[in-house]
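Below: the structure, in C-alpha cells.
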Amino acid sequence: MAFDIDMIKEVYGRVAERVDAAREIVGRPLTLSEKILYSHLWDGTPTQAFTRGKDYVDFAPDRVACQDATAQMALLQFMHAGKAQVAVPTTVHCDHLIQAKVGAEADLKRANKTSNEVFDFLGSVSNKYGIGFWKPGAGIIHQVVLENYAFPGGMMIGTDSHTVNAGGLGMVAIGVGGADAVDVMAGMPWELKFPKLIGVKLTGNLSGWTAPKDVILKVAGILTAKGGTGAIIEYFGEGATSMSCTGKGTICNMGAEVGATTSTFGYDESMDRYLRATKRADVADAANQVKEYLTADPEVYQSPEDYFDEVIEINLSELEPHLNGPFTPDLATPISKMSEAAKENDWPLNVQVGLIGSCTNSSYEDISRAASLAKQVSEKNLKTKSDFTITPGSEQVRFTIERDGFIDTFNNIGATVFANACGPCIGMWDRYGDNAANGPRNTIVHSFNRNFAKRADGNPNTLAFVGSPELVTAIAISGRLDFNPLTDTLINEDGEEVRLEEPRGYELPPEGFDVEDAGYQSPAKDGSNVTVSVSQDSDRLQLLEPFEPWDGNNIMGAKLLIKAYGKCTTDHISMAGPWLKYRGHLDNIANNTLIGAINIFNKKTNFVKNQLTGEYGGVPDVQREYKAKNIPTIVVGDHNYGEGSSREHAAMQPRHLGVKAVIVKSFARIHETNLKKQGMLGLTFANEADYDKIQENDTFNFIDLEDFAPDKPLTLEVVHEDGTKENIKLNHTYNDAQIAWYKAGSALNLIKAQNA
Ligand code: F3S
C-alpha cells in the first residue's frame, strides 16, 4: 500500500550522476543537504552552482503529504488546477480534526460525526485524483510518513511545518503552504531560496535520563526561535550515528521551532534498521547501494567550518535533560536549574497534567522508555500526582505498544489514551469546555513541540513546558515542575523515600511492528467517474472563487487595519483550536483573522480602530466594513511575522477580506511565500525603526507600485493625521515569477491559465 519503491529506485538511479556533476561545478566536497538539493533540481543534472541564502531555485520533490486541516484548502485549490491526477505521489492524513476529550474510542466516534463532511470530501478528492488517504485514527501525518514513505536522500514537501520530521530518515522534507503543494501536485516546479547550512556536530553518547529531545531543546536554546531561519540544519558525528532513527526524527521535527527550513541526518545503520523494522527492506537494500551519496563527503565532517555557514557542537555525554518554556520553545532550562528558574519567574510548581506522544515523540522507543518509568509507580508503591495522557503517533505504534503491554502499564497509573491524532498538541483538547479563555493559571508538561500561549488547551493561563517523554512521565509521577529525577527522591505511599531508576526501552519492538487495520485507503486507478460534492449550504467547505488580478495601479488611500505588537505567529493570524473546523471554508474562517494579534496602540487583542467611524471593534468586523466600502488596508508587524505553522489561511484570509499588504520588520519564510502565492504584498521595512513611525490614524499610498520589479524597493507614503507626510522605504524579495503571481491575483490563477 504504502511506498513507491520504483520511484525511490529512480531517485537512487540518478543520484550518482547528479551529485558528481554538482561536486564538479561547486568545486569542493558536498554536504548531505547539498547532495539532496542538487539531485532534486527541476532541470535535472546540475549545470550551475547556487549561492546559499540568495538564489531561488526550482526543485522537483519526490512526494507531497497533506494533513486534514491544510489539505482542505490545498485540495480545493488543486481542483482548480485542471489536472486529472496528481503528478507526484501524494497522501492525505486525517489527524488534526479529532478533539481529545475522554479517550480514543469515544473521541474518534465524535470526530467522525462532527467532521464527517470534511473527511468524506478529503476521501473522495483523494480517490478521484490518485491520492493515498489515511483515515481518521490512522495516525499523525509525520509519524505515518516516517513509517511508510520517508526514505534516505529523498525530498518531500508537506502542508504542515513539522513535515521536517522526515529528516530523521535522511530526507530533505520541508513544510509548505497548500499553494506550494498544489504546484507540485500539478506537476510544476517548486521554488525555494537555496538554504544556508548549519552543521551540528554531536559528540559523545546519550545515556540515562537524556534523550534525543534534549538535543533539540538545547539547540533551540542556542539558536532561538528564529536562529535557523533560511537554513538547513545537518547533524553529524558519533552522537548522531549512535542515536535511533526515530530519535533523529524528534530532533528534525523540532527544527521547525528554530525556524529552520528543515533538518537532516546522513544515512546510517539506525536508518537501515528502521526501514527493515517498518517492512521496507527493499528501500534499505537500495539505499545501501548508493550510501556514499546519502551522507556528506568525508571531508565535510573533518573540517565542518569550511562547509557550513555556522557550526554548533554538542557533547551528548554532558547534555542534561531540559524543559523548555513556558510560552516559547526556545526558553531552555536544564532540569537541574528548573527549581531556581521556577522560583525566579513564579511558575506554578504543581503540574496538573503530563502529556506524552504526538508526532514529535511517540516512537516505540519513546513509549517503551516512558513505560519503564510508569511501571515503577506500582513497583515502588508510588502514586502518580498529575493527570497523564498519551497520544500515539500512529495506529501501528498504538497497536504494537498495546500488544506489548505498555498501554496497560500506563492505564495502571490512571492514564488517558487519546486517539492517534494531534489532539492536545493543536488546541484540540476539550479541557475546559467553554471556559478555556478564563481558565486558571496552571502548569502542564508535554513532549510535543510547541507551547505558545493557548496552544494546547485554549487557556492563556496555562504554562506549558516541553520535555522528553521520559522527563514528562517522571514529572507527572512526582507532580512537580522542579522534580529532577537525576538527584531527587520521592516519598511513596508507605512514607518511604524512593528514587526512580533511569528509563530503559527498546529502539524497535523486539517482536516487530504489528497492526490489524492501518487505516489506509488506496485511490481509484481511474478516478474520472468519482464525484466530489460540496454543499452550497455547508459551513465547513466552500468552493473557491479566484482572487481578483492586480489592476496595475498604485494602491492609494489605504488604512491601517492593525499594527501588531510583538510576536505574531500564524496562530495569532489564523487561530487553530475551535477554528480548525472552518479550514475548508474561507469566508467563515476569515472571521478569526488576526484576532490573536495584539494591537500596539491599546495592547488588546481583537480591538482595533475603524477609521471610518472612530469606533473600536474586532479585526475581522472592522476589516469587513473597509471591504464593503472598497477601502484598501494594510497590516503592520514586528519580527518573524507569521512564524509557526505553514497554513496559507494566514495569507488567504486577509487577502479574502481585502487587506492589500503586510509590512513587517521580518517574515517567517513559509508565511512570506504564502503571501506571495495568494497575490498579497509582503514587504519589510528597509529601516526597522520605521515601524515606530506608523500611527493609528495614518493613511498609506504605495506611490511606485506601478514599477514593481525584482530587487527594487518600494516607497510607502505615510500621511499622518495632522497632514504631514513621510516616505518609508520597503524592501521585498519578489522575483519575476512571483511578481507574475501578484499581477495574476495569485499563483493558482497563473497555473490555471497555463493549464487552460
Ligand atoms: Fe499534529 Fe502537533 Fe504534530 S499538531 S502534526 S501532533 S505538531
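Within each chain, counting starts at residue 1; across the C-alpha cells, chains are named A, B, ... in the order shown, with ligands numbered 1 upward in that order.
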Write out as a tab-separated table (two decimals) with C-alpha atoms, in the first residue's frame which residues come within 9 Å of Asp4 of chain A when counting only C-alpha atoms, dropping same-chain ones fewer than 4 positions away.
```tsv
chain	number	residue	atom	x	y	z
A	8	ILE	CA	12.79	5.52	-4.94
A	9	LYS	CA	14.92	3.38	-7.27
A	89	PRO	CA	2.91	10.52	-5.05
A	149	TYR	CA	7.13	6.99	2.92
```
Write out as a tab-separated table the residues of chain A that have any atom within 6 Å of an atom of ligand 1, one row each with the nearest atom pair and its distance in Å to one decimal, counting only C-alpha atoms and all ligand atoms, sorted by chain and then rising number.
```
residue	atom	partner	partner_atom_place_in_ligand_line	distance
A:Ile140	CA	ligand 1	5 (S)	5.8
A:Ile141	CA	ligand 1	5 (S)	6.0
A:His162	CA	ligand 1	7 (S)	5.9
A:Ser358	CA	ligand 1	6 (S)	4.3
A:Cys359	CA	ligand 1	3 (Fe)	4.2
A:Cys422	CA	ligand 1	1 (Fe)	3.9
A:Cys425	CA	ligand 1	2 (Fe)	4.4
A:Ile426	CA	ligand 1	4 (S)	4.5
```
File dump, residues just selected, C-alpha atoms, as a compact mmCIF listing (two decimals), in the first residue's frame:
```
# COMPACT_ATOMS: atom_id res chain seq x y z
CA ILE A 140 -0.45 11.69 12.76
CA ILE A 141 0.93 12.69 9.36
CA HIS A 162 6.59 19.60 11.06
CA SER A 358 2.31 13.49 19.33
CA CYS A 359 4.16 13.48 16.03
CA CYS A 422 -2.90 15.70 17.10
CA CYS A 425 -0.88 19.43 20.55
CA ILE A 426 -3.03 21.73 18.41
```
Neighbouring residues of segment 371-387 of chain A were defined as those with any atom within 6 Å, considering only C-alpha atoms; residues of the same chain fewer than 2 positions away were excluded. Please report them as a PyMOL selection string. chain A and resi 352-353+367-369+406+409+476-479+492-493+503-504
Filtering to N, CA and C atoms, could you give me those residues as an mmCIF file, in the first residue's frame?
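This is the output file part.cif:
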```cif
data_model
loop_
_atom_site.group_PDB
_atom_site.id
_atom_site.type_symbol
_atom_site.label_atom_id
_atom_site.label_comp_id
_atom_site.auth_asym_id
_atom_site.auth_seq_id
_atom_site.Cartn_x
_atom_site.Cartn_y
_atom_site.Cartn_z
ATOM 1 N N GLN A 352 -0.282 20.012 36.605
ATOM 2 C CA GLN A 352 -1.632 19.445 36.514
ATOM 3 C C GLN A 352 -1.678 18.221 35.613
ATOM 4 N N VAL A 353 -1.006 18.323 34.478
ATOM 5 C CA VAL A 353 -1.084 17.226 33.511
ATOM 6 C C VAL A 353 0.266 17.012 32.837
ATOM 7 N N ILE A 367 7.898 5.491 23.843
ATOM 8 C CA ILE A 367 6.829 4.927 24.666
ATOM 9 C C ILE A 367 7.389 3.864 25.608
ATOM 10 N N SER A 368 8.307 3.057 25.102
ATOM 11 C CA SER A 368 8.832 1.990 25.969
ATOM 12 C C SER A 368 9.655 2.584 27.114
ATOM 13 N N ARG A 369 10.378 3.660 26.832
ATOM 14 C CA ARG A 369 11.161 4.294 27.912
ATOM 15 C C ARG A 369 10.241 4.962 28.942
ATOM 16 N N PHE A 406 2.347 -1.993 27.078
ATOM 17 C CA PHE A 406 2.644 -0.646 27.594
ATOM 18 C C PHE A 406 1.377 0.155 27.890
ATOM 19 N N THR A 409 0.302 -0.709 31.214
ATOM 20 C CA THR A 409 1.161 -0.074 32.223
ATOM 21 C C THR A 409 0.720 1.369 32.456
ATOM 22 N N ALA A 476 5.307 13.966 35.832
ATOM 23 C CA ALA A 476 3.891 13.677 36.111
ATOM 24 C C ALA A 476 3.770 12.778 37.336
ATOM 25 N N ILE A 477 4.665 11.825 37.465
ATOM 26 C CA ILE A 477 4.629 10.942 38.640
ATOM 27 C C ILE A 477 4.849 11.772 39.911
ATOM 28 N N SER A 478 5.806 12.677 39.833
ATOM 29 C CA SER A 478 6.139 13.482 41.021
ATOM 30 C C SER A 478 5.126 14.595 41.254
ATOM 31 N N GLY A 479 4.519 15.075 40.141
ATOM 32 C CA GLY A 479 3.561 16.178 40.246
ATOM 33 C C GLY A 479 4.218 17.538 40.365
ATOM 34 N N ASN A 492 6.949 7.516 48.886
ATOM 35 C CA ASN A 492 5.887 6.630 48.392
ATOM 36 C C ASN A 492 4.729 6.526 49.385
ATOM 37 N N GLU A 493 3.774 5.694 49.053
ATOM 38 C CA GLU A 493 2.555 5.583 49.865
ATOM 39 C C GLU A 493 2.823 5.048 51.270
ATOM 40 N N PRO A 503 15.237 5.585 32.874
ATOM 41 C CA PRO A 503 14.355 4.923 31.900
ATOM 42 C C PRO A 503 15.125 3.941 31.019
ATOM 43 N N ARG A 504 14.441 2.881 30.655
ATOM 44 C CA ARG A 504 15.021 1.902 29.725
ATOM 45 C C ARG A 504 13.975 1.570 28.684
#
```
If you run DSSP over the backbone, which residues in segment 259-300 of chain A end up strand (DSSP E or B)? Put them as number ranges by chain. A: 260, 262-265
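For the pair atom CA of Trp134 of chain A and atom CA of Gly354 of chain A, the separation is 28.0 Å.
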Find the residues near Cys66 of chain A: any atom within 10 Å, counting only C-alpha atoms, skip ones fewer than 3 places away on the same chain, and give them as number ranges by chain. A: 69-72, 74-75, 90-94, 133, 141-142, 157-160, 163, 175-178, 181
Per residue of segment 157-249 of chain A within 10 Å of segment 667-674 of chain A, record the nearest atom pair and its distance in Å to one decimal, counting only C-alpha atoms, with rows in chain order and ascending residue number, as JSON lines.
```
{"residue": "A:Ser161", "atom": "CA", "partner": "A:Ile670", "partner_atom": "CA", "distance": 8.6}
{"residue": "A:Ile174", "atom": "CA", "partner": "A:Ile670", "partner_atom": "CA", "distance": 9.7}
{"residue": "A:Gly175", "atom": "CA", "partner": "A:Ile670", "partner_atom": "CA", "distance": 7.7}
{"residue": "A:Val176", "atom": "CA", "partner": "A:Ile670", "partner_atom": "CA", "distance": 6.1}
{"residue": "A:Gly177", "atom": "CA", "partner": "A:Asn674", "partner_atom": "CA", "distance": 6.1}
{"residue": "A:Gly178", "atom": "CA", "partner": "A:Asn674", "partner_atom": "CA", "distance": 8.4}
{"residue": "A:Ala179", "atom": "CA", "partner": "A:Asn674", "partner_atom": "CA", "distance": 7.2}
{"residue": "A:Asp180", "atom": "CA", "partner": "A:Asn674", "partner_atom": "CA", "distance": 8.1}
{"residue": "A:Glu191", "atom": "CA", "partner": "A:Thr673", "partner_atom": "CA", "distance": 9.7}
{"residue": "A:Leu192", "atom": "CA", "partner": "A:Thr673", "partner_atom": "CA", "distance": 9.2}
{"residue": "A:Lys193", "atom": "CA", "partner": "A:Arg669", "partner_atom": "CA", "distance": 9.6}
{"residue": "A:Lys226", "atom": "CA", "partner": "A:Ala668", "partner_atom": "CA", "distance": 8.1}
{"residue": "A:Thr229", "atom": "CA", "partner": "A:Arg669", "partner_atom": "CA", "distance": 7.2}
{"residue": "A:Gly230", "atom": "CA", "partner": "A:Arg669", "partner_atom": "CA", "distance": 7.0}
```
Considering only C-alpha atoms, state which residue in the set A:Leu486, A:Ala558, A:Val397, A:Ala256 is at the smallest distance from Ala419 of chain A. A:Val397
Which residues of segment 133-230 of chain A come within 12 Å of segment 313-326 of chain A, and what is each one's closest atom pair and distance in Å (one decimal), counting only C-alpha atoms, sorted by chain and residue number, as JSON lines?
```
{"residue": "A:Ile198", "atom": "CA", "partner": "A:Glu313", "partner_atom": "CA", "distance": 10.8}
{"residue": "A:Gly199", "atom": "CA", "partner": "A:Glu313", "partner_atom": "CA", "distance": 8.4}
{"residue": "A:Val200", "atom": "CA", "partner": "A:Glu313", "partner_atom": "CA", "distance": 5.7}
{"residue": "A:Lys201", "atom": "CA", "partner": "A:Glu313", "partner_atom": "CA", "distance": 4.7}
{"residue": "A:Leu202", "atom": "CA", "partner": "A:Ile314", "partner_atom": "CA", "distance": 5.1}
{"residue": "A:Thr203", "atom": "CA", "partner": "A:Asn315", "partner_atom": "CA", "distance": 4.7}
{"residue": "A:Gly204", "atom": "CA", "partner": "A:Ser317", "partner_atom": "CA", "distance": 4.9}
{"residue": "A:Asn205", "atom": "CA", "partner": "A:Leu316", "partner_atom": "CA", "distance": 5.0}
{"residue": "A:Leu206", "atom": "CA", "partner": "A:Leu316", "partner_atom": "CA", "distance": 5.3}
{"residue": "A:Ser207", "atom": "CA", "partner": "A:Ser317", "partner_atom": "CA", "distance": 7.1}
{"residue": "A:Gly208", "atom": "CA", "partner": "A:Pro321", "partner_atom": "CA", "distance": 9.6}
{"residue": "A:Trp209", "atom": "CA", "partner": "A:Pro321", "partner_atom": "CA", "distance": 6.6}
{"residue": "A:Thr210", "atom": "CA", "partner": "A:Pro321", "partner_atom": "CA", "distance": 5.1}
{"residue": "A:Ala211", "atom": "CA", "partner": "A:Pro321", "partner_atom": "CA", "distance": 7.2}
{"residue": "A:Pro212", "atom": "CA", "partner": "A:Leu316", "partner_atom": "CA", "distance": 9.2}
{"residue": "A:Lys213", "atom": "CA", "partner": "A:Pro321", "partner_atom": "CA", "distance": 8.4}
{"residue": "A:Asp214", "atom": "CA", "partner": "A:Pro321", "partner_atom": "CA", "distance": 5.5}
{"residue": "A:Val215", "atom": "CA", "partner": "A:Leu319", "partner_atom": "CA", "distance": 7.6}
{"residue": "A:Ile216", "atom": "CA", "partner": "A:His322", "partner_atom": "CA", "distance": 9.6}
{"residue": "A:Leu217", "atom": "CA", "partner": "A:His322", "partner_atom": "CA", "distance": 6.5}
{"residue": "A:Lys218", "atom": "CA", "partner": "A:His322", "partner_atom": "CA", "distance": 7.3}
{"residue": "A:Val219", "atom": "CA", "partner": "A:Ile314", "partner_atom": "CA", "distance": 8.6}
{"residue": "A:Ala220", "atom": "CA", "partner": "A:Asn324", "partner_atom": "CA", "distance": 8.7}
{"residue": "A:Gly221", "atom": "CA", "partner": "A:Asn324", "partner_atom": "CA", "distance": 8.2}
{"residue": "A:Ile222", "atom": "CA", "partner": "A:Ile314", "partner_atom": "CA", "distance": 10.5}
{"residue": "A:Thr224", "atom": "CA", "partner": "A:Asn324", "partner_atom": "CA", "distance": 11.3}
{"residue": "A:Ala225", "atom": "CA", "partner": "A:Asn324", "partner_atom": "CA", "distance": 11.8}
```
Of the listed residues A:Val172, A:Ile25, A:Ala231, A:Ile251, that which approaches Asp62 of chain A most closely, counting only C-alpha atoms: A:Val172
Tell me, as a PyMOL selection string, which residues lie within 10 Å of Thr733 of chain A, counting only C-alpha atoms; anything in the same chain fewer than 2 positions away does not count. chain A and resi 54+672-673+676+682-684+709-713+731+735-736+738-739
Could you please take those selected residues and save N, CA and C atoms as a compact mmCIF listing (two decimals), in the first residue's frame?
```
# COMPACT_ATOMS: atom_id res chain seq x y z
N LYS A 54 20.54 33.11 -1.23
CA LYS A 54 20.32 34.16 -2.24
C LYS A 54 19.51 33.66 -3.44
N GLU A 672 5.86 34.23 4.33
CA GLU A 672 6.18 35.21 3.27
C GLU A 672 5.82 34.61 1.90
N THR A 673 6.21 33.35 1.69
CA THR A 673 5.88 32.70 0.42
C THR A 673 4.37 32.58 0.25
N LYS A 676 2.91 35.74 -1.00
CA LYS A 676 3.19 35.93 -2.42
C LYS A 676 2.26 35.07 -3.28
N GLY A 682 3.88 41.27 0.48
CA GLY A 682 4.58 41.01 1.74
C GLY A 682 5.87 41.80 1.71
N LEU A 683 5.95 42.85 2.52
CA LEU A 683 7.08 43.79 2.41
C LEU A 683 7.74 43.97 3.77
N THR A 684 9.00 44.37 3.75
CA THR A 684 9.71 44.60 5.01
C THR A 684 10.24 46.04 5.06
N ALA A 709 9.23 45.67 -9.37
CA ALA A 709 10.25 44.89 -10.09
C ALA A 709 11.19 44.24 -9.08
N PRO A 710 11.84 43.11 -9.47
CA PRO A 710 12.77 42.45 -8.56
C PRO A 710 13.88 43.40 -8.11
N ASP A 711 14.31 43.24 -6.88
CA ASP A 711 15.43 43.99 -6.31
C ASP A 711 15.23 45.50 -6.29
N LYS A 712 14.02 45.95 -6.45
CA LYS A 712 13.77 47.40 -6.45
C LYS A 712 12.83 47.70 -5.28
N PRO A 713 13.33 48.39 -4.26
CA PRO A 713 12.46 48.67 -3.12
C PRO A 713 11.25 49.50 -3.53
N ASN A 731 11.45 47.04 1.53
CA ASN A 731 12.13 46.01 0.73
C ASN A 731 11.17 44.88 0.41
N ASN A 735 10.69 37.82 -7.00
CA ASN A 735 11.41 37.71 -8.27
C ASN A 735 10.38 37.87 -9.40
N ASP A 736 10.84 37.68 -10.62
CA ASP A 736 9.93 37.91 -11.75
C ASP A 736 8.69 37.02 -11.69
N GLN A 738 7.33 35.61 -9.14
CA GLN A 738 6.43 35.96 -8.04
C GLN A 738 5.68 37.26 -8.33
N ILE A 739 6.30 38.13 -9.05
CA ILE A 739 5.59 39.35 -9.45
C ILE A 739 4.47 38.98 -10.43
```
Tell me, as number ranges by chain, which residues lie within 12 Å of segment 697-699 of chain A, counting only C-alpha atoms; anything in the same chain fewer than 3 positions away does not count. A: 555-563, 601, 608-614, 631-634, 636, 693-694, 702, 716-727
In terms of the shortest atom-to-atom distance over only C-alpha atoms, which of A:Lys581, A:Lys603, A:Lys248, A:Arg499 is closest to Arg540 of chain A? A:Lys581
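Distances to Leu76 of chain A were evaluated for A:Ser533, A:Leu681, A:Asp638, A:Ala49 using only C-alpha atoms, and the minimum falls at A:Ser533.
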